[in-house]
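One file, entry.cif, carrying mmCIF, C-alpha atoms:
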```cif
data_coords
loop_
_atom_site.label_atom_id
_atom_site.label_comp_id
_atom_site.auth_asym_id
_atom_site.auth_seq_id
_atom_site.Cartn_x
_atom_site.Cartn_y
_atom_site.Cartn_z
CA MET A 300 139.60 181.75 79.16
CA ARG A 301 139.31 178.56 81.21
CA GLU A 302 135.97 178.12 82.94
CA SER A 303 137.69 177.74 86.33
CA THR A 304 139.34 181.16 85.86
CA ILE A 305 135.97 182.70 84.98
CA MET A 306 134.38 181.10 88.06
CA LYS A 307 137.23 182.32 90.29
CA ILE A 308 136.48 185.84 89.03
CA HIS A 309 132.76 185.15 89.57
CA TYR A 310 133.23 184.12 93.20
CA GLY A 311 135.82 186.84 93.86
CA THR A 312 133.60 189.63 92.50
CA ALA A 313 130.71 188.32 94.62
CA LEU A 314 132.75 188.43 97.83
CA ALA A 315 134.22 191.86 97.06
CA ALA A 316 130.80 193.24 96.09
CA VAL A 317 129.28 192.01 99.37
CA ALA A 318 132.02 193.82 101.32
CA LEU A 319 131.71 197.08 99.37
CA VAL A 320 127.90 197.09 99.31
CA ALA A 321 128.01 196.57 103.10
CA VAL A 322 130.21 199.68 103.40
CA HIS A 323 127.81 201.53 101.07
CA ILE A 324 124.79 200.58 103.23
CA LEU A 325 126.63 201.49 106.44
CA MET A 326 127.45 204.92 104.98
CA ARG A 327 123.75 205.41 104.23
CA LEU A 328 122.94 204.59 107.86
CA THR A 329 125.00 207.57 109.09
CA MET A 330 121.94 209.70 108.37
CA GLY A 331 118.21 209.21 107.97
CA PHE A 332 117.11 207.12 104.98
CA ALA A 333 115.04 209.92 103.40
CA GLU A 334 117.82 212.40 103.98
CA SER A 335 120.42 210.16 102.37
CA LEU A 336 118.34 210.05 99.18
CA GLU A 337 118.04 213.81 98.89
CA TYR A 338 119.38 215.29 95.64
CA GLU A 339 122.07 217.36 97.29
CA THR A 340 123.27 214.44 99.44
CA VAL A 341 123.54 212.14 96.45
CA LEU A 342 125.49 214.77 94.52
CA ALA A 343 127.78 215.28 97.50
CA ASN A 344 128.48 211.55 97.59
CA TYR A 345 129.46 211.50 93.91
CA LYS A 346 131.74 214.52 94.40
CA PHE A 347 133.57 212.86 97.31
CA ILE A 348 136.33 211.05 95.37
CA PRO A 349 136.84 208.00 97.65
CA TYR A 350 133.07 207.35 97.66
CA ALA A 351 132.83 207.79 93.88
CA VAL A 352 135.70 205.31 93.47
CA MET A 353 133.85 202.84 95.69
CA LEU A 354 130.66 203.26 93.64
CA GLU A 355 132.67 202.69 90.46
CA LEU A 356 134.16 199.52 91.95
CA ILE A 357 130.71 198.27 92.98
CA LEU A 358 129.49 198.96 89.44
CA ILE A 359 132.36 196.98 87.90
CA LEU A 360 132.12 194.07 90.37
CA LEU A 361 128.35 193.67 90.07
CA SER A 362 128.44 194.01 86.28
CA ILE A 363 131.06 191.27 85.95
CA HIS A 364 129.29 188.99 88.45
CA GLY A 365 125.79 189.67 87.12
CA PHE A 366 126.52 189.24 83.44
CA ASN A 367 128.56 186.09 84.00
CA GLY A 368 125.62 184.73 86.03
CA LEU A 369 123.31 185.58 83.14
CA ARG A 370 125.70 183.86 80.71
CA VAL A 371 125.68 180.71 82.85
CA ILE A 372 121.87 180.68 83.05
CA LEU A 373 121.53 181.17 79.29
CA LEU A 374 124.10 178.44 78.55
CA GLU A 375 122.12 175.98 80.64
CA LEU A 376 118.86 177.02 79.00
CA LYS A 377 119.85 176.13 75.46
CA GLN A 378 122.87 174.63 73.75
CA GLY A 379 124.51 175.03 70.35
CA GLN A 380 127.80 176.45 69.11
CA ALA A 381 126.38 179.62 67.50
CA TYR A 382 124.00 180.25 70.40
CA GLU A 383 126.72 179.83 73.02
CA LYS A 384 129.08 182.14 71.16
CA ALA A 385 126.33 184.75 70.83
CA VAL A 386 125.50 184.48 74.54
CA SER A 387 129.14 184.80 75.64
CA TYR A 388 129.97 187.78 73.41
CA GLY A 389 126.54 189.34 74.00
CA CYS A 390 127.00 189.24 77.78
CA LEU A 391 130.53 190.61 77.46
CA ALA A 392 129.30 193.50 75.30
CA ALA A 393 126.39 194.22 77.64
CA MET A 394 128.78 194.18 80.61
CA PHE A 395 131.15 196.69 79.00
CA GLY A 396 128.18 198.78 77.90
CA LEU A 397 126.75 198.97 81.41
CA ILE A 398 130.15 199.74 82.97
CA ALA A 399 130.75 202.50 80.38
CA TYR A 400 127.31 204.03 80.92
CA GLY A 401 127.56 203.85 84.72
CA SER A 402 131.11 205.24 84.71
CA ARG A 403 129.96 208.10 82.50
CA THR A 404 127.27 208.97 85.09
CA ILE A 405 129.74 208.79 87.99
CA ILE A 406 132.43 210.83 86.21
CA MET A 407 130.02 213.50 84.94
CA THR A 408 128.41 213.90 88.34
CA ASN A 409 131.79 214.01 90.03
CA MET A 410 132.89 216.77 87.68
CA GLY A 411 129.72 218.73 88.34
CA MET A 412 128.21 218.23 84.87
CA THR A 413 124.65 217.74 86.10
CA MET B 297 94.31 153.77 80.29
CA ALA B 298 94.00 150.01 80.28
CA GLN B 299 93.32 147.96 83.37
CA VAL B 300 93.84 144.28 83.92
CA SER B 301 92.45 143.28 87.27
CA HIS B 302 92.99 139.52 87.54
CA ILE B 303 96.00 137.38 87.10
CA ALA B 304 95.90 135.05 84.11
CA ASP B 305 95.23 131.39 84.82
CA GLU B 306 98.74 130.12 84.35
CA GLN B 307 100.66 127.77 86.56
CA GLY B 308 104.18 129.02 87.03
CA SER B 309 106.72 127.93 89.57
CA THR B 310 107.82 131.50 90.26
CA SER B 311 104.43 133.23 90.31
CA ILE B 312 103.64 135.30 93.39
CA SER B 313 100.72 134.06 95.52
CA SER B 314 99.66 136.34 98.31
CA SER B 315 96.57 137.88 99.85
CA LYS B 316 98.15 141.31 99.52
CA SER B 317 98.14 143.10 96.21
CA ILE B 318 99.08 146.44 94.71
CA THR B 319 98.16 148.33 91.59
CA LEU B 320 101.19 148.52 89.35
CA ARG B 321 101.05 151.43 86.89
CA ILE B 322 103.50 151.06 84.04
CA ALA B 323 104.28 153.91 81.65
CA ARG B 324 103.92 152.67 78.08
CA TYR B 325 105.49 154.62 75.25
CA ASN B 326 106.87 153.72 71.87
CA PRO B 327 108.49 156.79 70.26
CA GLU B 328 107.97 155.25 66.81
CA HIS B 329 104.17 155.59 66.93
CA ASP B 330 103.07 157.18 70.23
CA ASP B 331 102.68 160.90 70.84
CA SER B 332 102.85 160.61 74.61
CA SER B 333 103.17 157.95 77.26
CA GLN B 334 100.14 156.24 78.75
CA PHE B 335 99.83 154.22 81.92
CA MET B 336 98.60 150.64 82.04
CA GLU B 337 97.41 149.33 85.38
CA PHE B 338 97.82 145.80 86.67
CA THR B 339 96.78 144.26 89.96
CA ILE B 340 99.73 142.26 91.24
CA PRO B 341 99.92 140.10 94.39
CA TYR B 342 103.07 140.60 96.42
CA GLU B 343 104.97 139.28 99.40
CA ARG B 344 107.07 141.24 101.88
CA TRP B 345 110.18 140.47 99.84
CA THR B 346 108.74 141.06 96.36
CA THR B 347 110.70 143.65 94.41
CA VAL B 348 109.31 146.06 91.85
CA LEU B 349 111.30 144.23 89.15
CA GLU B 350 109.63 140.95 90.10
CA ALA B 351 106.23 142.65 89.87
CA ILE B 352 107.09 143.96 86.39
CA LEU B 353 108.28 140.51 85.33
CA GLU B 354 104.99 139.11 86.69
CA VAL B 355 103.18 141.49 84.35
CA LYS B 356 105.34 140.37 81.44
CA LYS B 357 104.71 136.73 82.27
CA HIS B 358 100.96 136.80 82.86
CA PHE B 359 99.45 139.95 81.39
CA ASP B 360 101.51 141.67 78.73
CA HIS B 361 104.79 140.27 77.51
CA SER B 362 105.41 143.37 75.36
CA VAL B 363 106.35 145.58 78.34
CA ALA B 364 109.91 146.71 77.60
CA VAL B 365 112.24 146.64 80.61
CA ARG B 366 116.00 146.22 80.85
CA TYR B 367 117.31 143.98 83.63
CA SER B 368 119.96 141.39 84.25
CA CYS B 369 121.51 140.52 87.61
CA ARG B 370 118.51 141.18 89.93
CA GLN B 371 120.92 142.04 92.77
CA ALA B 372 121.83 145.71 92.25
CA THR B 373 125.12 144.90 90.59
CA CYS B 374 124.61 145.37 86.85
CA GLY B 375 122.81 148.73 87.02
CA SER B 376 120.36 147.82 84.25
CA CYS B 377 116.94 148.25 85.87
CA GLY B 378 117.01 151.94 86.83
CA MET B 379 113.61 153.62 86.57
CA ILE B 380 111.40 156.15 88.28
CA ILE B 381 109.44 154.33 90.98
CA ASN B 382 106.75 156.41 92.66
CA GLY B 383 108.49 159.57 91.51
CA LYS B 384 112.02 158.72 92.61
CA PRO B 385 114.86 157.20 90.55
CA ARG B 386 115.57 153.72 91.94
CA LEU B 387 116.75 150.29 90.89
CA ALA B 388 113.67 148.09 90.39
CA CYS B 389 115.54 145.01 91.64
CA PHE B 390 116.66 146.84 94.78
CA THR B 391 113.27 148.29 95.71
CA LYS B 392 110.85 146.13 97.63
CA ILE B 393 107.16 146.92 97.13
CA SER B 394 106.60 146.66 100.88
CA GLU B 395 109.06 149.49 101.58
CA LEU B 396 107.18 151.90 99.32
CA ASN B 397 104.21 152.00 101.74
CA SER B 398 101.75 152.55 98.92
CA ASN B 399 98.95 150.55 97.35
CA VAL B 400 99.82 152.04 93.99
CA VAL B 401 103.29 151.63 92.48
CA THR B 402 103.98 153.77 89.43
CA VAL B 403 106.96 152.95 87.25
CA GLU B 404 108.25 155.27 84.54
CA PRO B 405 111.43 155.44 82.47
CA MET B 406 114.34 157.44 83.90
CA ASN B 407 114.32 161.18 83.33
CA ASN B 408 117.03 162.83 81.20
CA PHE B 409 117.45 159.72 79.03
CA PRO B 410 115.91 159.19 75.56
CA ILE B 411 113.28 156.44 75.70
CA ILE B 412 113.72 153.35 73.55
CA ARG B 413 110.37 151.90 74.60
CA ASP B 414 108.33 151.81 77.84
CA LEU B 415 110.89 151.53 80.68
CA ALA B 416 114.00 150.97 78.55
CA VAL B 417 116.16 154.03 77.90
CA LYS B 418 119.25 154.80 75.83
CA PHE B 419 122.52 154.98 77.74
CA GLU B 420 124.69 156.47 74.96
CA ARG B 421 125.10 159.88 76.61
CA LEU B 422 126.07 158.36 79.96
CA PHE B 423 128.63 156.04 78.39
CA ASP B 424 129.99 158.85 76.19
CA THR B 425 130.56 161.20 79.13
CA HIS B 426 131.94 158.32 81.24
CA HIS B 427 134.40 157.51 78.46
CA LYS B 428 135.26 161.20 78.00
CA ILE B 429 136.78 161.54 81.48
CA LYS B 430 139.22 158.67 80.82
CA PRO B 431 137.98 156.14 83.39
CA TYR B 432 141.24 154.25 83.75
CA LEU B 433 144.60 154.71 85.44
CA ILE B 434 146.92 156.96 83.46
CA ARG B 435 150.64 156.34 83.97
CA ASP B 436 153.75 156.59 81.88
CA ASP B 437 154.85 153.16 83.07
CA THR B 438 151.72 151.28 81.98
CA GLU B 439 153.59 148.04 81.50
CA LEU B 440 155.05 146.44 84.60
CA GLU B 441 158.62 145.23 84.43
CA SER B 442 159.06 141.58 85.23
CA ASN B 443 160.73 142.24 88.59
CA GLU B 444 158.12 144.77 89.78
CA LYS B 445 155.14 144.12 91.97
CA GLU B 446 151.70 145.68 91.86
CA PHE B 447 151.22 149.37 92.79
CA LEU B 448 150.72 149.19 96.53
CA GLN B 449 148.41 151.61 98.34
CA SER B 450 147.92 152.30 102.01
CA PRO B 451 144.40 151.91 103.49
CA GLU B 452 144.27 155.72 103.77
CA GLU B 453 145.00 156.10 100.06
CA VAL B 454 142.30 153.58 99.18
CA GLU B 455 139.86 155.39 101.47
CA GLN B 456 140.23 158.52 99.32
CA TYR B 457 138.38 157.03 96.34
CA ILE B 458 136.94 153.60 97.19
CA GLN B 459 133.29 154.66 97.60
CA PHE B 460 133.42 156.17 94.10
CA ALA B 461 134.67 152.85 92.71
CA ASN B 462 131.29 151.35 93.71
CA CYS B 463 129.54 153.10 90.81
CA ILE B 464 127.59 150.59 88.69
CA LYS B 465 126.72 153.09 85.90
CA CYS B 466 122.99 152.68 86.48
CA GLY B 467 122.35 156.32 85.58
CA LEU B 468 120.08 157.12 88.53
CA CYS B 469 122.25 160.11 89.51
CA ASN B 470 122.02 161.55 85.98
CA SER B 471 118.28 160.93 86.03
CA ALA B 472 117.89 162.88 89.30
CA CYS B 473 120.18 165.78 88.28
CA PRO B 474 118.30 169.03 87.59
CA THR B 475 121.11 170.38 85.40
CA MET B 476 120.98 167.28 83.18
CA ALA B 477 117.31 168.09 82.54
CA THR B 478 118.09 171.42 80.85
CA ASP B 479 121.72 171.24 79.73
CA SER B 480 122.08 168.61 77.03
CA SER B 481 125.87 169.07 77.01
CA PHE B 482 126.44 168.79 80.78
CA VAL B 483 128.93 166.09 81.63
CA GLY B 484 126.74 164.82 84.51
CA PRO B 485 127.27 163.63 88.10
CA GLN B 486 128.15 160.07 87.11
CA ALA B 487 131.11 161.10 84.96
CA LEU B 488 132.21 163.78 87.42
CA ALA B 489 132.18 161.29 90.30
CA GLN B 490 134.25 158.91 88.19
CA ALA B 491 136.65 161.73 87.32
CA TYR B 492 137.18 162.22 91.06
CA ARG B 493 137.55 158.45 91.56
CA TYR B 494 140.65 158.48 89.32
CA VAL B 495 141.96 161.92 90.31
CA ALA B 496 141.97 160.80 93.97
CA ASP B 497 143.68 157.50 93.19
CA SER B 498 147.33 157.69 94.28
CA ARG B 499 148.36 155.35 91.43
CA ASP B 500 146.95 157.68 88.78
CA LYS B 501 149.02 160.39 87.08
CA GLY B 502 146.32 161.81 84.80
CA LYS B 503 144.91 164.43 87.16
CA ASP B 504 145.78 167.44 84.99
CA SER B 505 144.33 166.00 81.80
CA ARG B 506 141.09 164.97 83.58
CA LEU B 507 140.70 168.35 85.28
CA LYS B 508 141.16 170.01 81.89
CA ILE B 509 138.36 167.86 80.42
CA ILE B 510 135.83 168.81 83.11
CA ASP B 511 136.90 172.47 83.30
CA GLU B 512 134.81 173.70 80.37
CA SER B 513 131.56 175.60 79.92
CA HIS B 514 129.37 172.49 80.30
CA GLY B 515 131.63 170.78 82.79
CA ILE B 516 131.90 170.74 86.56
CA TRP B 517 130.89 174.40 87.08
CA ARG B 518 127.35 173.78 85.88
CA CYS B 519 126.62 171.65 88.96
CA HIS B 520 124.42 173.64 91.35
CA PHE B 521 124.92 171.23 94.25
CA ALA B 522 121.27 170.17 94.47
CA GLY B 523 122.60 166.89 95.87
CA SER B 524 119.86 164.76 94.24
CA CYS B 525 122.53 162.52 92.70
CA SER B 526 123.81 161.48 96.12
CA GLN B 527 120.26 160.99 97.45
CA VAL B 528 119.34 158.40 94.81
CA CYS B 529 122.56 156.40 94.44
CA PRO B 530 121.80 152.75 95.32
CA LYS B 531 125.47 152.00 96.03
CA GLY B 532 126.15 154.77 98.51
CA VAL B 533 128.32 156.82 96.17
CA ASP B 534 128.23 160.55 96.91
CA PRO B 535 128.77 162.26 93.53
CA ALA B 536 127.93 165.70 94.98
CA MET B 537 130.83 165.36 97.43
CA GLY B 538 133.19 164.20 94.67
CA ILE B 539 132.21 167.22 92.60
CA GLN B 540 133.00 169.56 95.49
CA PHE B 541 136.39 167.87 95.97
CA LEU B 542 137.12 168.29 92.24
CA ARG B 543 136.22 171.98 92.51
CA GLY B 544 138.72 172.17 95.34
CA TYR B 545 141.46 171.05 92.91
CA LEU B 546 140.37 173.59 90.29
CA LEU B 547 140.15 176.45 92.79
CA GLY B 548 143.54 175.61 94.27
CA PHE B 549 142.32 174.42 97.69
CA ARG B 550 143.51 170.86 97.02
CA SER B 551 146.56 169.58 95.23
#
```

Please, can you express the file's structure as structure tokens?
Amino acid sequence: MRESTIMKIHYGTALAAVALVAVHILMRLTMGFAESLEYETVLANYKFIPYAVMLELILILLSIHGFNGLRVILLELKQGQAYEKAVSYGCLAAMFGLIAYGSRTIIMTNMGMT
Amino acid sequence: MAQVSHIADEQGSTSISSSKSITLRIARYNPEHDDSSQFMEFTIPYERWTTVLEAILEVKKHFDHSVAVRYSCRQATCGSCGMIINGKPRLACFTKISELNSNVVTVEPMNNFPIIRDLAVKFERLFDTHHKIKPYLIRDDTELESNEKEFLQSPEEVEQYIQFANCIKCGLCNSACPTMATDSSFVGPQALAQAYRYVADSRDKGKDSRLKIIDESHGIWRCHFAGSCSQVCPKGVDPAMGIQFLRGYLLGFRS
């Protein structure tokens, strides 16, 4: 993939994540901070489909943005064909791993498997 | 650290005679047999108009002829005498001692360049990246027909790129760039500014091929817009701005 395409995705995910995280924070402000972190409230959030979808989107956006940022930092830290390939594929694998693990949590909680 | 406090007793027509003097600290390093650089100090008289290059040449003439320094035109045109002067990349011939407002002037080789000896550095990487971005007009009709005239441009079209054409390849921008310090494959602000110089030229038709060259993992996207390159340019070129304009092409904001 061309670097400009990757960076367009990088900037796009950042903007979208800022918007969705803002919604997430605003939703938390509808009640007291301590109350919003209560076990039953958190479970209720996961079971509310639109909110669970938003959390899934935030997970995907931040994973893409974060791991590409890490890739860029590591590429600037050291150079070499084997190293750069390892960094790129390593970050991609870690990104898919995190999305899979986070999605598993969201889906299981949504289905009541807690 | 060696110190030479008095000027040698030599009559020279160009020697500086003044009541004012500074301590000139020159970084000495020969990679063939030195582990690290050491500073030698010289007391040099100066006038209001004396440049750092003239002070270094005074050292070579009267104290230590073995000081390695690259210079040529002495008028900020050839781009040979770039070095770190009191911590900032500057041209030695374009920096007057009086404007530094310091009794101690420290000169070191440019950062992000391999050292040949003392103040002289290798320019291979700069020239390689400069060459890589195809620093010439690309057109299908490279040869003019006998009945054609030159490619005319309006003043507005010239204005698009002319400041970038002032680059003298001195390497000060690359020396100041923080990305160049860590990324040995980064194309650098000098080459990126020159890429913009040709991309913005209305006579040029090689925009797509140049954008493809800089659109790679160690290309334009590794610039973090520190802006140091534009701060140190002795010719008023603004590589940081050129890089942002190039990003505009790649992101689809410019065409």

Near region 500-507 of chain B, 12 Å: region 310-429 of chain B residue rows, closest pairs, all atoms listed in the file, as CSV:
```
residue,atom,partner,partner_atom,distance
B:His426,CA,B:Arg506,CA,11.6
B:His427,CA,B:Arg506,CA,11.3
B:Lys428,CA,B:Arg506,CA,8.9
B:Ile429,CA,B:Arg506,CA,5.9
```

Once you count only C-alpha atoms, which residues end up no further than 9 Å from (123.3, 156.2, 90.0) in the file's frame, shown as a PyMOL selection string? chain B and resi 375+378+385-387+463-472+485-486+525-526+528-531+533+535

Provide as a VMD selection string the residues of chain A at most 6 Å from chain B, counting only C-alpha atoms. chain A and resid 302 375 to 376

Mind telling me what the PyMOL selection byres ((chain A and resi 316) around 12) catches here, as a VMD selection string? chain A and resid 308 to 315 317 to 324 353 to 365

Name every residue that the PyMOL selection byres ((chain B and resi 390) around 12) selects in this structure, writing the answer as a count of residues only with chains first and numbers rising. 35

Expand the PyMOL selection byres ((chain A and resi 340-348) around 8) into the explicit residue set it covers here, and present it as an mmCIF file with C-alpha atoms, in the frame of the given file.
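result_32.cif was written with the following content:
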```cif
data_model
loop_
_atom_site.group_PDB
_atom_site.id
_atom_site.type_symbol
_atom_site.label_atom_id
_atom_site.label_comp_id
_atom_site.auth_asym_id
_atom_site.auth_seq_id
_atom_site.Cartn_x
_atom_site.Cartn_y
_atom_site.Cartn_z
ATOM 1 C CA GLU A 334 117.820 212.400 103.980
ATOM 2 C CA SER A 335 120.420 210.160 102.370
ATOM 3 C CA LEU A 336 118.340 210.050 99.180
ATOM 4 C CA GLU A 337 118.040 213.810 98.890
ATOM 5 C CA TYR A 338 119.380 215.290 95.640
ATOM 6 C CA GLU A 339 122.070 217.360 97.290
ATOM 7 C CA PRO A 349 136.840 208.000 97.650
ATOM 8 C CA TYR A 350 133.070 207.350 97.660
ATOM 9 C CA ALA A 351 132.830 207.790 93.880
ATOM 10 C CA VAL A 352 135.700 205.310 93.470
ATOM 11 C CA ILE A 405 129.740 208.790 87.990
ATOM 12 C CA THR A 408 128.410 213.900 88.340
ATOM 13 C CA ASN A 409 131.790 214.010 90.030
ATOM 14 C CA MET A 410 132.890 216.770 87.680
ATOM 15 C CA GLY A 411 129.720 218.730 88.340
#
```

Please, what distance in Å, to one decimal, runs between CA of Lys356 (chain B) and CA of Phe409 (chain B)?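 Rounded to one decimal, the two atoms are 23.0 Å apart.
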
Point (134.1, 164.1, 93.9) neighbourhood (8 Å, only C-alpha atoms) written as a list of chain:residue names: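 Those within range, by chain then number, are B:Phe460, B:Leu488, B:Ala489, B:Gln490, B:Ala491, B:Tyr492, B:Arg493, B:Asp534, B:Pro535, B:Ala536, B:Met537, B:Gly538, B:Ile539, B:Gln540, B:Phe541, B:Leu542.
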
Can you tell me, as a ChimeraX atom specification, what residues are no more than 10 Å from Arg370 (chain A) when counting only C-alpha atoms, ignoring any on the same chain fewer than 3 positions away? /A:364-367,373-376,383,385-391

Between CA of Cys519 (chain B) and CA of Pro474 (chain B), measure the distance and give it in Å to one decimal.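 The value is 8.8 Å.
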
Between CA of Tyr432 (chain B) and CA of Ile412 (chain B), what distance in Å does the model show, to one decimal? 29.4 Å

Would you compute an axis-aligned box for region 353-356 of chain A, covering every atom listed for it in the file with 6 Å of margin on each side, and report centre and edge lengths in Å to one decimal as lines of an AutoDock Vina configuration file?
```
center_x = 132.4
center_y = 201.4
center_z = 93.1
size_x = 15.5
size_y = 15.7
size_z = 17.2
```

Do a neighbour search on Pro410 (chain B) at 10 Å with all atoms listed in the file, toss out local chain neighbours closer than 4 positions, and write the hits as an mmCIF file with C-alpha atoms, in the coordinates of the input.
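out_14.cif was written with the following content:
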```
data_model
loop_
_atom_site.group_PDB
_atom_site.id
_atom_site.type_symbol
_atom_site.label_atom_id
_atom_site.label_comp_id
_atom_site.auth_asym_id
_atom_site.auth_seq_id
_atom_site.Cartn_x
_atom_site.Cartn_y
_atom_site.Cartn_z
ATOM 1 C CA PRO B 327 108.490 156.790 70.260
ATOM 2 C CA PRO B 405 111.430 155.440 82.470
ATOM 3 C CA MET B 406 114.340 157.440 83.900
ATOM 4 C CA ALA B 416 114.000 150.970 78.550
ATOM 5 C CA VAL B 417 116.160 154.030 77.900
ATOM 6 C CA LYS B 418 119.250 154.800 75.830
ATOM 7 C CA PHE B 419 122.520 154.980 77.740
ATOM 8 C CA GLU B 420 124.690 156.470 74.960
ATOM 9 C CA ARG B 421 125.100 159.880 76.610
#
```
